[in-house]
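Report on the following structure.
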Amino acid sequence: MPEFERCATMPVHRRLLSTSPRYALALAAIENETFARKTAGAPGRDEVVTIPVVVHVVHHGPEQDIAQEQIDSQLEVLNADFRRANPDVGKVPQVWQDLAADARLEFRLADTAPDGSPTTGVLRVPTDVTGFSTDDRVKFTARGGSDAWPADRYLNIWVCELNDALGYAAFPGGPPELDGIVIRHSAFGTTDTAAAPYDGGRTATHEIGHWLNLRHIWGDDGDGCSGSDFVDDTPNQAGPNFGAPSYPKVSCGNAPHGDMFMNYMDYVEDAAMFMFTKGQASRMDSALAGPRSSFLTPRLRESLRTTIPG
């Protein structure tokens with residue numbers, strides 16, 4: 001187990017639940033809609049959706065001001081992982097090969113800023129803050145960070161010196177000024193400051209999974225075997241896996257195949273994770289049909305709409 005959190009999304013999520021009744025209501029509505037789409041057998045999506053990205057490089061010193069090549073390397077990983085085009089997908093155990101999914105999502109740096117002017121999609125913001133925590137300070141210029149671009153038009157990614165965690169994300173339904181993901185610069189991309197064993201770009205893959213409403217594969221109940229990630233084709237398992245386990249790794253009575261530890265929503269090292277499932281891709285579709293629908297074309301938004309009986 002690393003000396004810092006692999007992902008701090010759930011503590012941030014619980015904090016927001018306890019402080020924002022509006023967030024709790026929004027999240028409940030999203031889950032009701034997601035369940036209704038699943039129950040109704042809502043149509044899937046054949047089209048590839050492209051998400052415009054803005055990367056806020058919030059840096060204290062030159063090492064944290066990561067190079068464009070490092071940013072580009074992260075986009076390459078995302079575009080492979082979410083299209084099932086990653087070179088290591090063949091390592092998925094044979095029993096789950098048919099479940100490995102193309103989520104039909106691609107990511108590109110934004111070329112138009114909110115005011116309509118041209119942009120590279122990268123904001124470089126010097127700061128006096130030596131290291132940020134998970135209190136969302138990095139998301140505000142007035143607190144030493146960088147203000148979010150409109151969350152209905154861009155995926156905001158903040159890259160900084162993040163204390164105690166590799167990254168964290170905002171689930172759909174939260175305040176727009178907090179929407180996006182935060183990644184430690186040494187866990188971002190595959191070059192320069194990216195440091196083993198988290199130098200494969202998979203921290204961002206994991207956190208964008210949360211941004212699209214995926215939960216951790218073990219259901220966030222510790223090792224109790226009673227939690228759920230709300231996805232039918234991911235085996236039940238007892239808590240997160242770390243390092244690079246050998247297949248099969250059995251828990252919660254899930255023999256003979258055991259934990260799907262190579263799933264992007266577990267906690268293993270970057271080189272040991274290499275798949276989303278079709279059920280997870282369907283849940284991401286529901287996020288795009290609902291709270292993330294602003295990223296769809298009007299025609300696609302209409303085609304994915306589900307009528308829920310009153």
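Ordered as shown in the structure tokens, chains take letters A, B, and onward, while each chain numbers its residues from 1 and ligands are numbered from 1 in the order shown.
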
Original post:
Which residues come within 10 Å of Ser226 (chain A), counting only C-alpha atoms, excluding same-chain residues fewer than 2 positions away, as a list in words?
Top reply: Trp218, Gly219, Asp220, Asp221, Gly222, Asp223, Gly224, Ser228, Asn236, Gln237, Ala238 and Cys252 of chain A

Keeping only all heavy atoms, take the residues you just selected and write them out as an mmCIF file, in the first residue's frame.
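Output file result-v1.cif follows:
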data_model
loop_
_atom_site.group_PDB
_atom_site.id
_atom_site.type_symbol
_atom_site.label_atom_id
_atom_site.label_comp_id
_atom_site.auth_asym_id
_atom_site.auth_seq_id
_atom_site.Cartn_x
_atom_site.Cartn_y
_atom_site.Cartn_z
ATOM 1 N N TRP A 218 -14.712 -2.223 -5.709
ATOM 2 C CA TRP A 218 -15.112 -3.000 -4.516
ATOM 3 C C TRP A 218 -16.292 -2.377 -3.771
ATOM 4 O O TRP A 218 -16.757 -2.933 -2.776
ATOM 5 C CB TRP A 218 -13.912 -3.172 -3.569
ATOM 6 C CG TRP A 218 -13.452 -1.884 -2.952
ATOM 7 C CD1 TRP A 218 -13.824 -1.359 -1.751
ATOM 8 C CD2 TRP A 218 -12.536 -0.945 -3.509
ATOM 9 N NE1 TRP A 218 -13.206 -0.148 -1.524
ATOM 10 C CE2 TRP A 218 -12.401 0.122 -2.595
ATOM 11 C CE3 TRP A 218 -11.793 -0.904 -4.699
ATOM 12 C CZ2 TRP A 218 -11.563 1.210 -2.836
ATOM 13 C CZ3 TRP A 218 -10.965 0.187 -4.936
ATOM 14 C CH2 TRP A 218 -10.856 1.226 -4.016
ATOM 15 N N GLY A 219 -16.798 -1.241 -4.216
ATOM 16 C CA GLY A 219 -17.996 -0.672 -3.622
ATOM 17 C C GLY A 219 -17.779 0.160 -2.385
ATOM 18 O O GLY A 219 -18.744 0.548 -1.714
ATOM 19 N N ASP A 220 -16.521 0.443 -2.039
ATOM 20 C CA ASP A 220 -16.189 1.379 -0.955
ATOM 21 C C ASP A 220 -16.817 1.029 0.386
ATOM 22 O O ASP A 220 -17.305 1.883 1.122
ATOM 23 C CB ASP A 220 -16.573 2.814 -1.360
ATOM 24 C CG ASP A 220 -15.703 3.319 -2.504
ATOM 25 O OD1 ASP A 220 -14.507 3.551 -2.270
ATOM 26 O OD2 ASP A 220 -16.206 3.447 -3.631
ATOM 27 N N ASP A 221 -16.774 -0.270 0.718
ATOM 28 C CA ASP A 221 -17.246 -0.696 2.039
ATOM 29 C C ASP A 221 -16.104 -1.312 2.838
ATOM 30 O O ASP A 221 -16.335 -2.201 3.660
ATOM 31 C CB ASP A 221 -18.398 -1.697 1.892
ATOM 32 C CG ASP A 221 -17.939 -3.024 1.304
ATOM 33 O OD1 ASP A 221 -16.939 -3.016 0.571
ATOM 34 O OD2 ASP A 221 -18.567 -4.061 1.583
ATOM 35 N N GLY A 222 -14.894 -0.846 2.612
ATOM 36 C CA GLY A 222 -13.743 -1.493 3.241
ATOM 37 C C GLY A 222 -13.582 -2.879 2.644
ATOM 38 O O GLY A 222 -13.631 -3.059 1.428
ATOM 39 N N ASP A 223 -13.423 -3.875 3.503
ATOM 40 C CA ASP A 223 -13.292 -5.252 3.001
ATOM 41 C C ASP A 223 -14.513 -6.087 3.364
ATOM 42 O O ASP A 223 -14.435 -7.297 3.542
ATOM 43 C CB ASP A 223 -12.009 -5.898 3.539
ATOM 44 C CG ASP A 223 -11.969 -5.938 5.061
ATOM 45 O OD1 ASP A 223 -12.931 -5.453 5.700
ATOM 46 O OD2 ASP A 223 -10.977 -6.435 5.610
ATOM 47 N N GLY A 224 -15.673 -5.421 3.444
ATOM 48 C CA GLY A 224 -16.866 -6.080 3.960
ATOM 49 C C GLY A 224 -17.617 -6.965 2.995
ATOM 50 O O GLY A 224 -18.543 -7.658 3.396
ATOM 51 N N SER A 228 -21.243 -2.075 -3.354
ATOM 52 C CA SER A 228 -21.535 -2.249 -4.773
ATOM 53 C C SER A 228 -21.025 -1.057 -5.557
ATOM 54 O O SER A 228 -21.104 0.091 -5.094
ATOM 55 C CB SER A 228 -23.042 -2.391 -5.002
ATOM 56 O OG SER A 228 -23.332 -2.458 -6.383
ATOM 57 N N ASN A 236 -17.738 -9.033 -7.229
ATOM 58 C CA ASN A 236 -17.629 -8.510 -5.877
ATOM 59 C C ASN A 236 -16.233 -8.808 -5.338
ATOM 60 O O ASN A 236 -15.666 -9.870 -5.594
ATOM 61 C CB ASN A 236 -18.679 -9.174 -4.984
ATOM 62 C CG ASN A 236 -18.827 -8.490 -3.640
ATOM 63 O OD1 ASN A 236 -18.450 -7.328 -3.496
ATOM 64 N ND2 ASN A 236 -19.385 -9.188 -2.674
ATOM 65 N N GLN A 237 -15.664 -7.875 -4.597
ATOM 66 C CA GLN A 237 -14.334 -8.116 -4.034
ATOM 67 C C GLN A 237 -14.197 -7.397 -2.701
ATOM 68 O O GLN A 237 -14.921 -6.452 -2.402
ATOM 69 C CB GLN A 237 -13.223 -7.686 -4.995
ATOM 70 C CG GLN A 237 -13.039 -6.190 -5.170
ATOM 71 C CD GLN A 237 -11.896 -5.840 -6.111
ATOM 72 O OE1 GLN A 237 -11.812 -6.337 -7.234
ATOM 73 N NE2 GLN A 237 -10.986 -4.972 -5.669
ATOM 74 N N ALA A 238 -13.228 -7.843 -1.908
ATOM 75 C CA ALA A 238 -13.023 -7.321 -0.555
ATOM 76 C C ALA A 238 -11.968 -6.235 -0.564
ATOM 77 O O ALA A 238 -10.794 -6.501 -0.415
ATOM 78 C CB ALA A 238 -12.610 -8.453 0.384
ATOM 79 N N CYS A 252 -14.038 -12.584 -1.114
ATOM 80 C CA CYS A 252 -15.507 -12.531 -1.098
ATOM 81 C C CYS A 252 -16.137 -13.746 -1.771
ATOM 82 O O CYS A 252 -17.212 -13.630 -2.377
ATOM 83 C CB CYS A 252 -16.000 -11.251 -1.770
ATOM 84 S SG CYS A 252 -15.584 -9.744 -0.878
#

**OP:** List every residue of region 208-302 of chain A that DSSP, applied to the backbone of this structure, assigns to alpha helix (DSSP H), and report them as a ChimeraX atom specification.
**Re:** /A:208-211,278-289,298-302

**OP:** Identify which of the residues A:Leu178, A:Met273, A:Ala42, A:Ala151 lies closest to Ala244 (chain A), counting only C-alpha atoms when measuring atom-to-atom distances.
**Re:**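 Among A:Leu178, A:Met273, A:Ala42, A:Ala151, it is A:Met273 that comes nearest to Ala244 (chain A).
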
For His210 (chain A), please output as a tab-separated table (two decimals) with N, CA and C atoms, in the first residue's frame all residues within 12 Å (counting only C-alpha atoms; exclusion window: fewer than 3 positions along the same chain).
chain	number	residue	atom	x	y	z
A	7	CYS	N	-6.34	7.35	-4.43
A	7	CYS	CA	-7.44	8.19	-4.89
A	7	CYS	C	-8.18	8.73	-3.67
A	8	ALA	N	-8.40	10.04	-3.65
A	8	ALA	CA	-9.09	10.67	-2.52
A	8	ALA	C	-10.51	11.10	-2.90
A	9	THR	N	-11.06	10.51	-3.95
A	9	THR	CA	-12.39	10.92	-4.41
A	9	THR	C	-13.46	10.69	-3.35
A	10	MET	N	-13.45	9.53	-2.69
A	10	MET	CA	-14.53	9.23	-1.77
A	10	MET	C	-14.52	10.12	-0.52
A	12	VAL	N	-13.54	13.20	-0.41
A	12	VAL	CA	-14.04	14.49	-0.91
A	12	VAL	C	-15.54	14.41	-1.15
A	13	HIS	N	-15.98	13.29	-1.72
A	13	HIS	CA	-17.42	13.06	-1.96
A	13	HIS	C	-18.21	13.09	-0.64
A	167	GLY	N	-4.56	11.57	-6.78
A	167	GLY	CA	-5.58	12.33	-7.48
A	167	GLY	C	-6.93	12.21	-6.82
A	168	TYR	N	-7.86	13.02	-7.28
A	168	TYR	CA	-9.25	12.90	-6.86
A	168	TYR	C	-10.13	13.57	-7.91
A	169	ALA	N	-11.41	13.24	-7.88
A	169	ALA	CA	-12.33	13.69	-8.90
A	169	ALA	C	-13.63	14.17	-8.28
A	170	ALA	N	-14.40	14.88	-9.08
A	170	ALA	CA	-15.75	15.28	-8.71
A	170	ALA	C	-16.74	14.40	-9.45
A	171	PHE	N	-17.64	13.75	-8.71
A	171	PHE	CA	-18.74	13.04	-9.35
A	171	PHE	C	-19.68	14.06	-10.02
A	172	PRO	N	-20.48	13.63	-10.99
A	172	PRO	CA	-21.51	14.53	-11.53
A	172	PRO	C	-22.45	14.99	-10.43
A	173	GLY	N	-22.97	16.21	-10.60
A	173	GLY	CA	-23.99	16.71	-9.69
A	173	GLY	C	-23.49	17.71	-8.68
A	179	ASP	N	-15.95	21.23	-10.38
A	179	ASP	CA	-16.08	20.08	-11.27
A	179	ASP	C	-14.79	19.81	-12.05
A	180	GLY	N	-14.37	18.56	-12.06
A	180	GLY	CA	-13.17	18.16	-12.78
A	180	GLY	C	-12.36	17.19	-11.96
A	181	ILE	N	-11.09	17.04	-12.33
A	181	ILE	CA	-10.20	16.14	-11.60
A	181	ILE	C	-8.91	16.85	-11.25
A	182	VAL	N	-8.28	16.38	-10.19
A	182	VAL	CA	-6.99	16.92	-9.73
A	182	VAL	C	-5.99	15.78	-9.69
A	203	THR	N	-3.71	7.16	-13.45
A	203	THR	CA	-4.41	7.92	-12.42
A	203	THR	C	-5.50	8.78	-13.05
A	204	ALA	N	-5.18	9.44	-14.15
A	204	ALA	CA	-6.18	10.26	-14.84
A	204	ALA	C	-7.30	9.40	-15.42
A	205	THR	N	-6.96	8.23	-15.95
A	205	THR	CA	-8.00	7.32	-16.44
A	205	THR	C	-8.98	6.97	-15.32
A	206	HIS	N	-8.43	6.62	-14.16
A	206	HIS	CA	-9.25	6.27	-12.99
A	206	HIS	C	-10.13	7.45	-12.57
A	207	GLU	N	-9.55	8.64	-12.48
A	207	GLU	CA	-10.30	9.79	-11.98
A	207	GLU	C	-11.37	10.24	-12.97
A	213	ASN	N	-19.05	9.08	-13.27
A	213	ASN	CA	-19.93	8.42	-12.30
A	213	ASN	C	-19.60	6.95	-12.04
A	214	LEU	N	-18.39	6.50	-12.33
A	214	LEU	CA	-17.98	5.16	-11.93
A	214	LEU	C	-17.52	5.18	-10.48
A	215	ARG	N	-17.83	4.11	-9.78
A	215	ARG	CA	-17.38	3.93	-8.40
A	215	ARG	C	-16.20	2.96	-8.37
A	216	HIS	N	-15.54	2.91	-7.23
A	216	HIS	CA	-14.48	1.92	-7.06
A	216	HIS	C	-15.05	0.52	-7.18
A	217	ILE	N	-14.28	-0.36	-7.73
A	217	ILE	CA	-14.80	-1.68	-8.10
A	217	ILE	C	-15.25	-2.51	-6.89
A	229	ASP	N	-20.51	-1.35	-6.75
A	229	ASP	CA	-20.16	-0.27	-7.68
A	229	ASP	C	-21.28	-0.02	-8.68
A	264	TYR	N	-9.56	-0.48	-14.27
A	264	TYR	CA	-9.08	0.88	-14.00
A	264	TYR	C	-9.62	1.46	-12.71
A	265	MET	N	-10.71	0.91	-12.17
A	265	MET	CA	-11.30	1.47	-10.97
A	265	MET	C	-10.86	0.75	-9.70
A	266	ASP	N	-9.78	-0.05	-9.78
A	266	ASP	CA	-9.12	-0.58	-8.58
A	266	ASP	C	-7.93	0.33	-8.26
A	280	GLN	N	-19.46	-0.94	-17.09
A	280	GLN	CA	-18.94	0.39	-16.73
A	280	GLN	C	-19.14	1.37	-17.88
A	283	ARG	N	-22.62	2.54	-17.78
A	283	ARG	CA	-22.83	3.53	-16.72
A	283	ARG	C	-22.27	4.89	-17.14
A	284	MET	N	-21.14	4.91	-17.83
A	284	MET	CA	-20.62	6.16	-18.36
A	284	MET	C	-21.58	6.76	-19.39
A	287	ALA	N	-24.17	8.63	-17.60
A	287	ALA	CA	-23.69	9.94	-17.16
A	287	ALA	C	-23.72	10.93	-18.32

**OP:** Can you work out the spacing between CA of Asp147 (chain A) and CA of Ala80 (chain A) in Å, to one decimal?
**Re:** 28.6 Å

Original post:
Could you name the residues that touch Lys139 (chain A) at 10 Å or less, counting only C-alpha atoms, but leaving out those on the same chain fewer than 3 positions away, as a PyMOL selection string?
Top reply: chain A and resi 56+58+135-136+142-149+156-158+177-182

Original post:
Restricting the calculation to only C-alpha atoms, which member of A:Leu25, A:Leu109, A:Ile30, A:Ala40 is positioned closest to Leu123 (chain A)?
Top reply: A:Leu109

**OP:** Write out as number ranges by chain each polymer residue whose atoms come within 10 Å of Leu17 (chain A), counting only C-alpha atoms; drop sequence neighbours fewer than 6 positions from it.
**Re:** A: 11, 23-25, 27, 174

**OP:** Identify, on the basis of only C-alpha atoms, every residue whose closest approach to Ser73 (chain A) does not exceed 7 Å; exclude the query and any residue fewer than 3 positions from it along the same chain; express the result as a PyMOL selection string.
**Re:** chain A and resi 69-70+76-77+189-190

Original post:
When distances are computed from only C-alpha atoms, which of A:Arg84, A:Ile208, A:Trp96, A:Pro298 shows the smallest separation from Asp259 (chain A)?
Top reply: A:Trp96
